[in-house]
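Chemist: Sending over structure.txt (compact mmCIF, C-alpha atoms and all ligand atoms).
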# COMPACT_ATOMS: atom_id res chain seq x y z
CA MET A 7 -43.21 -6.61 16.33
CA PRO A 8 -45.31 -4.22 14.17
CA ALA A 9 -45.12 -4.96 10.45
CA THR A 10 -43.76 -1.47 9.67
CA ALA A 11 -40.86 -1.91 12.13
CA GLU A 12 -40.05 -5.30 10.59
CA ARG A 13 -40.11 -3.76 7.11
CA GLU A 14 -37.79 -0.96 8.25
CA MET A 15 -35.33 -3.42 9.79
CA GLY A 16 -35.48 -5.53 6.65
CA ALA A 17 -34.86 -2.46 4.53
CA GLY A 18 -31.97 -1.46 6.82
CA ARG A 19 -30.39 -4.87 6.33
CA ALA A 20 -30.76 -4.62 2.58
CA GLU A 21 -29.06 -1.20 2.52
CA ARG A 22 -26.23 -2.18 4.82
CA PRO A 23 -25.09 -5.74 4.08
CA ALA A 24 -23.30 -7.64 6.84
CA THR A 25 -19.59 -6.87 6.95
CA VAL A 26 -16.56 -8.45 8.51
CA GLU A 27 -13.32 -6.81 9.75
CA VAL A 28 -10.51 -7.49 7.28
CA TRP A 29 -7.94 -4.73 7.92
CA ASP A 30 -6.88 -4.24 11.54
CA PRO A 31 -6.19 -0.70 12.88
CA PHE A 32 -2.43 -1.07 12.40
CA ILE A 33 -2.81 -1.82 8.68
CA ARG A 34 -5.14 1.14 8.18
CA ILE A 35 -2.98 3.62 10.11
CA PHE A 36 0.11 2.23 8.34
CA HIS A 37 -1.47 2.66 4.92
CA TRP A 38 -2.79 6.20 5.23
CA SER A 39 0.34 7.40 7.05
CA LEU A 40 2.38 5.95 4.21
CA VAL A 41 0.29 7.82 1.62
CA VAL A 42 0.86 11.14 3.43
CA LEU A 43 4.59 10.51 4.09
CA PHE A 44 5.28 9.31 0.54
CA ALA A 45 3.70 12.49 -0.87
CA LEU A 46 5.69 14.56 1.66
CA ALA A 47 8.96 12.84 0.68
CA TRP A 48 8.31 13.83 -2.93
CA VAL A 49 7.60 17.49 -2.23
CA THR A 50 10.44 17.99 0.29
CA GLU A 51 13.44 16.99 -1.84
CA ASP A 52 14.75 20.57 -1.50
CA LEU A 53 13.99 20.72 2.24
CA GLN A 54 16.43 18.10 3.45
CA TRP A 55 15.79 18.83 7.18
CA LEU A 56 12.25 17.53 6.53
CA HIS A 57 12.92 15.10 3.68
CA GLN A 58 15.33 12.92 5.65
CA PRO A 59 13.16 12.42 8.79
CA VAL A 60 10.17 11.72 6.51
CA GLY A 61 12.25 9.14 4.61
CA TYR A 62 13.29 7.45 7.87
CA ALA A 63 9.67 7.48 9.07
CA ILE A 64 8.67 5.66 5.85
CA LEU A 65 11.45 3.12 6.43
CA GLY A 66 10.33 2.61 10.05
CA LEU A 67 6.69 2.11 9.01
CA VAL A 68 7.63 -0.40 6.32
CA VAL A 69 9.86 -2.39 8.70
CA LEU A 70 6.97 -2.51 11.21
CA ARG A 71 4.64 -3.67 8.42
CA VAL A 72 7.03 -6.48 7.49
CA VAL A 73 7.16 -7.64 11.14
CA TRP A 74 3.33 -7.38 11.29
CA GLY A 75 3.23 -9.58 8.20
CA PHE A 76 4.52 -12.43 10.38
CA VAL A 77 2.94 -11.76 13.78
CA GLY A 78 -0.10 -9.57 12.97
CA SER A 79 -3.81 -10.28 12.64
CA ARG A 80 -5.02 -13.00 10.26
CA HIS A 81 -5.43 -10.97 7.05
CA ALA A 82 -2.31 -8.88 7.73
CA ARG A 83 -0.05 -11.93 7.51
CA PHE A 84 1.89 -12.56 4.31
CA ALA A 85 0.99 -16.26 4.65
CA ASP A 86 -2.67 -15.24 4.30
CA PHE A 87 -2.34 -13.51 0.92
CA VAL A 88 0.99 -14.25 -0.80
CA ARG A 89 0.49 -17.10 -3.29
CA SER A 90 2.79 -19.21 -5.47
CA PRO A 91 3.65 -17.93 -8.99
CA SER A 92 1.40 -20.59 -10.58
CA VAL A 93 -1.63 -19.62 -8.46
CA THR A 94 -0.92 -15.93 -9.18
CA LEU A 95 -0.75 -16.57 -12.95
CA ALA A 96 -3.95 -18.62 -12.83
CA TYR A 97 -5.62 -15.71 -10.99
CA ALA A 98 -4.38 -13.26 -13.66
CA ARG A 99 -5.87 -15.50 -16.39
CA ASP A 100 -9.19 -15.69 -14.51
CA LEU A 101 -9.22 -11.91 -14.10
CA ILE A 102 -8.72 -11.37 -17.84
CA ALA A 103 -11.43 -13.94 -18.58
CA GLY A 104 -13.79 -12.03 -16.28
CA ARG A 105 -14.17 -14.79 -13.70
CA ALA A 106 -11.78 -13.71 -10.94
CA PRO A 107 -12.76 -15.12 -7.55
CA HIS A 108 -13.33 -12.65 -4.72
CA PHE A 109 -10.79 -12.54 -1.87
CA HIS A 110 -11.35 -11.12 1.59
CA SER A 111 -7.68 -10.24 1.96
CA HIS A 112 -5.44 -9.03 -0.89
CA ASN A 113 -5.84 -11.00 -4.13
CA PRO A 114 -2.67 -12.77 -5.45
CA LEU A 115 -1.83 -9.96 -7.90
CA ALA A 116 -2.32 -7.33 -5.19
CA ALA A 117 0.11 -9.36 -3.07
CA VAL A 118 2.79 -9.05 -5.79
CA MET A 119 2.18 -5.29 -5.93
CA ILE A 120 2.37 -4.97 -2.14
CA LEU A 121 5.65 -6.88 -1.87
CA SER A 122 7.09 -4.77 -4.72
CA LEU A 123 5.99 -1.52 -3.07
CA LEU A 124 7.45 -2.54 0.30
CA ALA A 125 10.76 -3.61 -1.30
CA MET A 126 11.01 -0.43 -3.40
CA LEU A 127 10.30 1.78 -0.39
CA ILE A 128 13.04 0.05 1.59
CA ALA A 129 15.50 0.38 -1.32
CA THR A 130 14.63 4.07 -1.89
CA ALA A 131 15.03 4.99 1.78
CA ALA A 132 18.24 2.93 2.09
CA SER A 133 19.78 4.68 -0.94
CA GLY A 134 18.77 8.04 0.58
CA TRP A 135 20.48 7.12 3.84
CA MET A 136 23.62 6.07 1.91
CA MET A 137 23.79 9.56 0.43
CA THR A 138 24.32 10.95 3.93
CA LEU A 139 27.43 8.81 4.48
CA ASP A 140 30.83 10.51 4.03
CA ALA A 141 31.93 7.72 1.69
CA TYR A 142 29.18 8.64 -0.84
CA ARG A 143 28.86 12.37 -0.23
CA SER A 144 29.98 13.33 -3.73
CA ALA A 145 28.62 10.25 -5.55
CA GLU A 146 26.33 11.66 -8.20
CA TRP A 147 25.39 8.20 -9.43
CA LEU A 148 23.86 7.53 -6.01
CA GLU A 149 21.66 10.63 -6.24
CA ASP A 150 20.52 9.50 -9.70
CA PHE A 151 19.94 5.99 -8.36
CA HIS A 152 17.90 7.35 -5.41
CA GLU A 153 15.81 9.47 -7.77
CA GLY A 154 15.37 6.48 -10.13
CA LEU A 155 14.15 4.23 -7.30
CA ALA A 156 11.77 6.95 -6.08
CA SER A 157 10.40 7.35 -9.63
CA VAL A 158 9.86 3.61 -10.14
CA THR A 159 8.05 3.50 -6.78
CA LEU A 160 5.87 6.41 -7.86
CA ALA A 161 5.02 4.56 -11.10
CA LEU A 162 4.09 1.47 -9.06
CA VAL A 163 1.87 3.62 -6.84
CA GLY A 164 0.11 4.88 -9.98
CA LEU A 165 -0.50 1.28 -11.08
CA HIS A 166 -1.59 0.35 -7.56
CA VAL A 167 -4.23 3.09 -7.44
CA LEU A 168 -5.42 2.14 -10.96
CA ALA A 169 -5.70 -1.52 -9.89
CA VAL A 170 -7.67 -0.52 -6.79
CA ALA A 171 -10.10 1.44 -9.01
CA ILE A 172 -10.46 -1.49 -11.45
CA MET A 173 -11.05 -4.07 -8.68
CA THR A 174 -13.58 -1.74 -7.03
CA VAL A 175 -15.58 -1.85 -10.28
CA VAL A 176 -15.02 -5.59 -10.95
CA HIS A 177 -16.29 -6.68 -7.53
CA GLY A 178 -18.67 -3.76 -6.92
CA GLU A 179 -17.05 -3.15 -3.53
CA ASN A 180 -15.42 0.14 -2.51
CA LEU A 181 -11.88 -0.95 -1.55
CA VAL A 182 -10.79 2.55 -0.51
CA LEU A 183 -13.65 2.65 2.00
CA ALA A 184 -12.61 -0.82 3.21
CA MET A 185 -9.09 0.51 3.86
CA ILE A 186 -10.70 3.29 5.98
CA THR A 187 -13.30 1.28 7.94
CA GLY A 188 -11.35 -2.00 7.86
CA ARG A 189 -14.53 -3.85 6.85
CA LYS A 190 -15.60 -5.74 3.73
CA ARG A 191 -18.86 -7.49 2.77
CA MET A 192 -19.28 -10.99 4.18
C1 LIG A 201 -4.54 7.87 -2.66
C2 LIG A 201 -3.80 6.87 -3.08
C3 LIG A 201 -4.02 5.45 -2.61
C4 LIG A 201 -5.17 4.73 -2.53
C5 LIG A 201 -6.57 5.16 -2.89
C6 LIG A 201 -4.81 3.41 -2.05
C7 LIG A 201 -5.70 2.39 -1.79
C8 LIG A 201 -5.36 1.15 -1.29
C9 LIG A 201 -6.29 0.09 -1.04
C10 LIG A 201 -7.79 0.17 -1.29
C11 LIG A 201 -5.60 -0.96 -0.58
C12 LIG A 201 -6.18 -2.34 -0.26
C13 LIG A 201 -6.13 -3.14 -1.51
C14 LIG A 201 -6.84 -4.47 -1.37
O1 LIG A 201 -8.00 -4.49 -0.93
O2 LIG A 201 -6.21 -5.50 -1.69
C15 LIG A 201 -4.22 -0.59 -0.50
C16 LIG A 201 -3.20 -1.39 -0.03
C17 LIG A 201 -1.89 -0.98 0.04
N1 LIG A 201 -1.37 0.20 -0.43
FE1 LIG A 201 -2.40 1.76 -1.14
N2 LIG A 201 -3.45 3.36 -1.86
C18 LIG A 201 -2.94 4.59 -2.19
C19 LIG A 201 -1.63 4.98 -2.14
C20 LIG A 201 -0.60 4.18 -1.70
C21 LIG A 201 0.77 4.60 -1.60
C22 LIG A 201 1.28 6.01 -1.95
C23 LIG A 201 1.48 3.55 -1.15
C24 LIG A 201 2.96 3.42 -0.89
C25 LIG A 201 3.85 4.26 -1.22
C26 LIG A 201 0.55 2.46 -0.95
C27 LIG A 201 0.89 1.21 -0.49
C28 LIG A 201 -0.01 0.21 -0.18
C29 LIG A 201 0.35 -1.00 0.50
C30 LIG A 201 1.77 -1.39 0.98
C31 LIG A 201 -0.83 -1.74 0.65
C32 LIG A 201 -0.99 -3.07 1.35
C33 LIG A 201 -1.62 -2.81 2.70
C34 LIG A 201 -1.17 -3.83 3.72
O3 LIG A 201 -1.64 -4.96 3.74
O4 LIG A 201 -0.26 -3.47 4.48
N3 LIG A 201 -0.72 2.87 -1.29
N4 LIG A 201 -4.09 0.71 -0.96
C1 LIG A 202 10.99 6.26 0.53
C2 LIG A 202 11.55 7.35 0.96
C3 LIG A 202 12.11 8.42 0.05
C4 LIG A 202 11.63 8.94 -1.13
C5 LIG A 202 10.35 8.57 -1.85
C6 LIG A 202 12.59 9.91 -1.59
C7 LIG A 202 12.47 10.68 -2.76
C8 LIG A 202 13.40 11.57 -3.22
C9 LIG A 202 13.32 12.34 -4.44
C10 LIG A 202 12.18 12.24 -5.44
C11 LIG A 202 14.43 13.11 -4.53
C12 LIG A 202 14.79 14.09 -5.67
C13 LIG A 202 15.87 13.49 -6.54
C14 LIG A 202 16.45 14.50 -7.48
O1 LIG A 202 15.68 15.24 -8.10
O2 LIG A 202 17.67 14.52 -7.57
C15 LIG A 202 15.23 12.85 -3.37
C16 LIG A 202 16.43 13.46 -3.10
C17 LIG A 202 17.19 13.23 -2.00
N1 LIG A 202 16.86 12.41 -0.94
FE1 LIG A 202 15.26 11.20 -0.82
N2 LIG A 202 13.62 9.99 -0.69
C18 LIG A 202 13.36 9.11 0.33
C19 LIG A 202 14.12 8.86 1.45
C20 LIG A 202 15.30 9.51 1.76
C21 LIG A 202 16.10 9.29 2.94
C22 LIG A 202 15.77 8.30 4.06
C23 LIG A 202 17.17 10.12 2.85
C24 LIG A 202 18.32 10.31 3.79
C25 LIG A 202 18.29 10.12 5.05
C26 LIG A 202 17.07 10.87 1.63
C27 LIG A 202 17.96 11.79 1.18
C28 LIG A 202 17.88 12.47 0.00
C29 LIG A 202 18.92 13.37 -0.51
C30 LIG A 202 20.23 13.71 0.22
C31 LIG A 202 18.48 13.83 -1.74
C32 LIG A 202 19.25 14.76 -2.69
C33 LIG A 202 18.76 16.14 -2.55
C34 LIG A 202 19.51 17.06 -3.49
O3 LIG A 202 20.72 17.13 -3.38
O4 LIG A 202 18.84 17.66 -4.33
N3 LIG A 202 15.90 10.46 0.97
N4 LIG A 202 14.59 11.93 -2.59
Take the structure I supplied and represent it as structure tokens, if you would.
Ligand code: HEM
Ligand code: HEM
Modeler:
Amino acid sequence: MPATAEREMGAGRAERPATVEVWDPFIRIFHWSLVVLFALAWVTEDLQWLHQPVGYAILGLVVLRVVWGFVGSRHARFADFVRSPSVTLAYARDLIAGRAPHFHSHNPLAAVMILSLLAMLIATAASGWMMTLDAYRSAEWLEDFHEGLASVTLALVGLHVLAVAIMTVVHGENLVLAMITGRKRM
């Protein structure tokens, strides 16, 4: 092979390091659909004909994600990324000390965030559904509760996006791109 071609291939390898698939297509479609639907749920509170189907779609997606967490691809499984409280605390200490190990799937703190987001989405949608029942039709506390749950979820999403930005800098790997292509560095 001519030396120039070898140099070009070498340079190509240096620019594009080897990657491995981490997020399967279901996870990626789930995630970006959730982002769109969650935003839609927030802006359609006065358009109930749209708000309610969007809320049920979120609930359906989250239920599918939970099932996928048991039967899905390797890195989609909860068993692959959910750690014990002691391991999670040790990871948090390492992160603060600037020596956090790199994980291919979600790190232990991300796992806590993901479980919280999934639980809050289920609770928000369930409280929305309860509002449609005759028994609770005039229950103002339930409307306040639904709004409160939606607001806490929104705050968690803010933290989640901040954490993604921080971890992108800490490990020098674009995590948003990884959630689009499904691939991370080897
Ligand atoms: C534009 C805003 C968002 C960005 C940039 C973003 C980015 C990401 C990234 C990069 C990951 C993978 C994290 C990792 O590598 O460990 C992730 C995971 C996740 N995000 Fe987001 N996210 C956004 C909004 C949201 C929203 C609005 C929700 C829910 C309401 C959400 C829920 C989740 C969940 C549940 C996961 C876990 C994925 C899985 O394994 O199923 N995200 N997000
Ligand atoms: C995760 C999914 C959902 C999110 C993020 C969400 C978010 C919200 C928000 C922010 C409000 C405005 C609260 C206020 O200002 O009073 C609201 C209102 C409401 N939502 Fe949801 N919601 C979701 C799912 C649902 C579902 C599944 C239903 C019913 C099937 C539902 C029914 C309602 C109703 C009836 C209202 C009150 C509207 C009004 O009277 O002004 N929501 N929701």
Chemist: With only C-alpha atoms and all ligand atoms as the atoms that count, which of A:Arg71, A:Arg80, A:His37, A:His152 lies nearest to ligand LIG 202 (chain A)?
Modeler: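 Selected residue with least distance to ligand LIG 202 (chain A): A:His152.
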Chemist: Any idea what's packed within 9 Å of segment 158-161 of chain A, counting all atoms listed in the file, ignoring anything in its chain fewer than 6 positions away? Could you give it as a list in words?
Modeler: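 The residues that qualify are Phe44, Ser122, Leu123, Met126, Leu127 and Thr130 of chain A.
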Chemist: For the selection just defined, write its residues with C-alpha atoms to a file, as a short mmCIF file (atom, residue, chain, number, x, y, z; two decimals), in the frame of the given file.
Modeler:
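The file below, result-v3.cif, is the result:
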data_model
loop_
_atom_site.label_atom_id
_atom_site.label_comp_id
_atom_site.auth_asym_id
_atom_site.auth_seq_id
_atom_site.Cartn_x
_atom_site.Cartn_y
_atom_site.Cartn_z
CA PHE A 44 5.28 9.31 0.54
CA SER A 122 7.09 -4.77 -4.72
CA LEU A 123 5.99 -1.52 -3.07
CA MET A 126 11.01 -0.43 -3.40
CA LEU A 127 10.30 1.78 -0.39
CA THR A 130 14.63 4.07 -1.89
#
Chemist: Using only C-alpha atoms and a cutoff of 12 Å, can you tell me which residues are near (-2.4, 2.3, 7.6) in the file's coordinates, and write them out as a list of chain:residue names?
Modeler: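 Every polymer residue passing the test: A:Trp29, A:Asp30, A:Pro31, A:Phe32, A:Ile33, A:Arg34, A:Ile35, A:Phe36, A:His37, A:Trp38, A:Ser39, A:Leu40, A:Val41, A:Val42, A:Leu43, A:Ile64, A:Leu67, A:Val68, A:Leu70, A:Arg71, A:Trp74, A:Ala82, A:Val182, A:Ala184, A:Met185, A:Ile186, A:Thr187, A:Gly188.
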Chemist: Check the smallest atom-to-atom distance from each of A:Val60, A:Val77, A:Val176, A:Ala171 to ligand LIG 201 (chain A) using only C-alpha atoms and all ligand atoms, then report the winner.
Modeler: A:Ala171
Chemist: Which is closer to ligand LIG 201 (chain A) than all the others in A:Gly78, A:Pro91, A:Gly134, A:Gly154, using all atoms listed in the file?
Modeler: A:Gly78
Chemist: Would you list the residues that come within 6 Å of ligand LIG 202 (chain A)? Count all atoms listed in the file and give the answer as a compact mmCIF listing (two decimals) with C-alpha atoms, in the coordinates of the input.
Modeler:
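Written file, part06.txt:
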# COMPACT_ATOMS: atom_id res chain seq x y z
CA PHE A 44 5.28 9.31 0.54
CA ALA A 47 8.96 12.84 0.68
CA TRP A 48 8.31 13.83 -2.93
CA GLU A 51 13.44 16.99 -1.84
CA ASP A 52 14.75 20.57 -1.50
CA GLN A 58 15.33 12.92 5.65
CA GLY A 61 12.25 9.14 4.61
CA TYR A 62 13.29 7.45 7.87
CA ILE A 64 8.67 5.66 5.85
CA LEU A 127 10.30 1.78 -0.39
CA THR A 130 14.63 4.07 -1.89
CA ALA A 131 15.03 4.99 1.78
CA GLY A 134 18.77 8.04 0.58
CA TRP A 135 20.48 7.12 3.84
CA MET A 137 23.79 9.56 0.43
CA GLU A 149 21.66 10.63 -6.24
CA GLU A 153 15.81 9.47 -7.77
CA ALA A 156 11.77 6.95 -6.08
Chemist: Starting from the sparse input, extend segment 61-74 of chain A to N, CA and C atoms and give the output as a PDB file, keeping the file's coordinate frame.
Modeler:
ATOM      1  N   GLY A  61      11.743  10.375   5.223  1.00  0.00           N
ATOM      2  CA  GLY A  61      12.250   9.140   4.610  1.00  0.00           C
ATOM      3  C   GLY A  61      12.471   8.047   5.647  1.00  0.00           C
ATOM      4  N   TYR A  62      13.055   8.446   6.802  1.00  0.00           N
ATOM      5  CA  TYR A  62      13.290   7.450   7.870  1.00  0.00           C
ATOM      6  C   TYR A  62      11.963   6.975   8.464  1.00  0.00           C
ATOM      7  N   ALA A  63      10.985   7.881   8.535  1.00  0.00           N
ATOM      8  CA  ALA A  63       9.670   7.480   9.070  1.00  0.00           C
ATOM      9  C   ALA A  63       9.042   6.429   8.144  1.00  0.00           C
ATOM     10  N   ILE A  64       9.195   6.625   6.821  1.00  0.00           N
ATOM     11  CA  ILE A  64       8.670   5.660   5.850  1.00  0.00           C
ATOM     12  C   ILE A  64       9.360   4.303   6.073  1.00  0.00           C
ATOM     13  N   LEU A  65      10.690   4.357   6.221  1.00  0.00           N
ATOM     14  CA  LEU A  65      11.450   3.120   6.430  1.00  0.00           C
ATOM     15  C   LEU A  65      10.965   2.407   7.707  1.00  0.00           C
ATOM     16  N   GLY A  66      10.787   3.193   8.778  1.00  0.00           N
ATOM     17  CA  GLY A  66      10.330   2.610  10.050  1.00  0.00           C
ATOM     18  C   GLY A  66       8.966   1.961   9.900  1.00  0.00           C
ATOM     19  N   LEU A  67       8.053   2.646   9.208  1.00  0.00           N
ATOM     20  CA  LEU A  67       6.690   2.110   9.010  1.00  0.00           C
ATOM     21  C   LEU A  67       6.743   0.796   8.234  1.00  0.00           C
ATOM     22  N   VAL A  68       7.569   0.786   7.171  1.00  0.00           N
ATOM     23  CA  VAL A  68       7.630  -0.400   6.320  1.00  0.00           C
ATOM     24  C   VAL A  68       8.233  -1.583   7.092  1.00  0.00           C
ATOM     25  N   VAL A  69       9.256  -1.307   7.900  1.00  0.00           N
ATOM     26  CA  VAL A  69       9.860  -2.390   8.700  1.00  0.00           C
ATOM     27  C   VAL A  69       8.803  -2.959   9.659  1.00  0.00           C
ATOM     28  N   LEU A  70       8.033  -2.047  10.300  1.00  0.00           N
ATOM     29  CA  LEU A  70       6.970  -2.510  11.210  1.00  0.00           C
ATOM     30  C   LEU A  70       5.951  -3.364  10.457  1.00  0.00           C
ATOM     31  N   ARG A  71       5.629  -2.924   9.216  1.00  0.00           N
ATOM     32  CA  ARG A  71       4.640  -3.670   8.420  1.00  0.00           C
ATOM     33  C   ARG A  71       5.147  -5.073   8.098  1.00  0.00           C
ATOM     34  N   VAL A  72       6.462  -5.166   7.816  1.00  0.00           N
ATOM     35  CA  VAL A  72       7.030  -6.480   7.490  1.00  0.00           C
ATOM     36  C   VAL A  72       6.940  -7.393   8.737  1.00  0.00           C
ATOM     37  N   VAL A  73       7.269  -6.842   9.901  1.00  0.00           N
ATOM     38  CA  VAL A  73       7.160  -7.640  11.140  1.00  0.00           C
ATOM     39  C   VAL A  73       5.699  -8.058  11.341  1.00  0.00           C
ATOM     40  N   TRP A  74       4.770  -7.111  11.135  1.00  0.00           N
ATOM     41  CA  TRP A  74       3.330  -7.380  11.290  1.00  0.00           C
ATOM     42  C   TRP A  74       2.867  -8.464  10.313  1.00  0.00           C
TER      43      TRP A  74
END
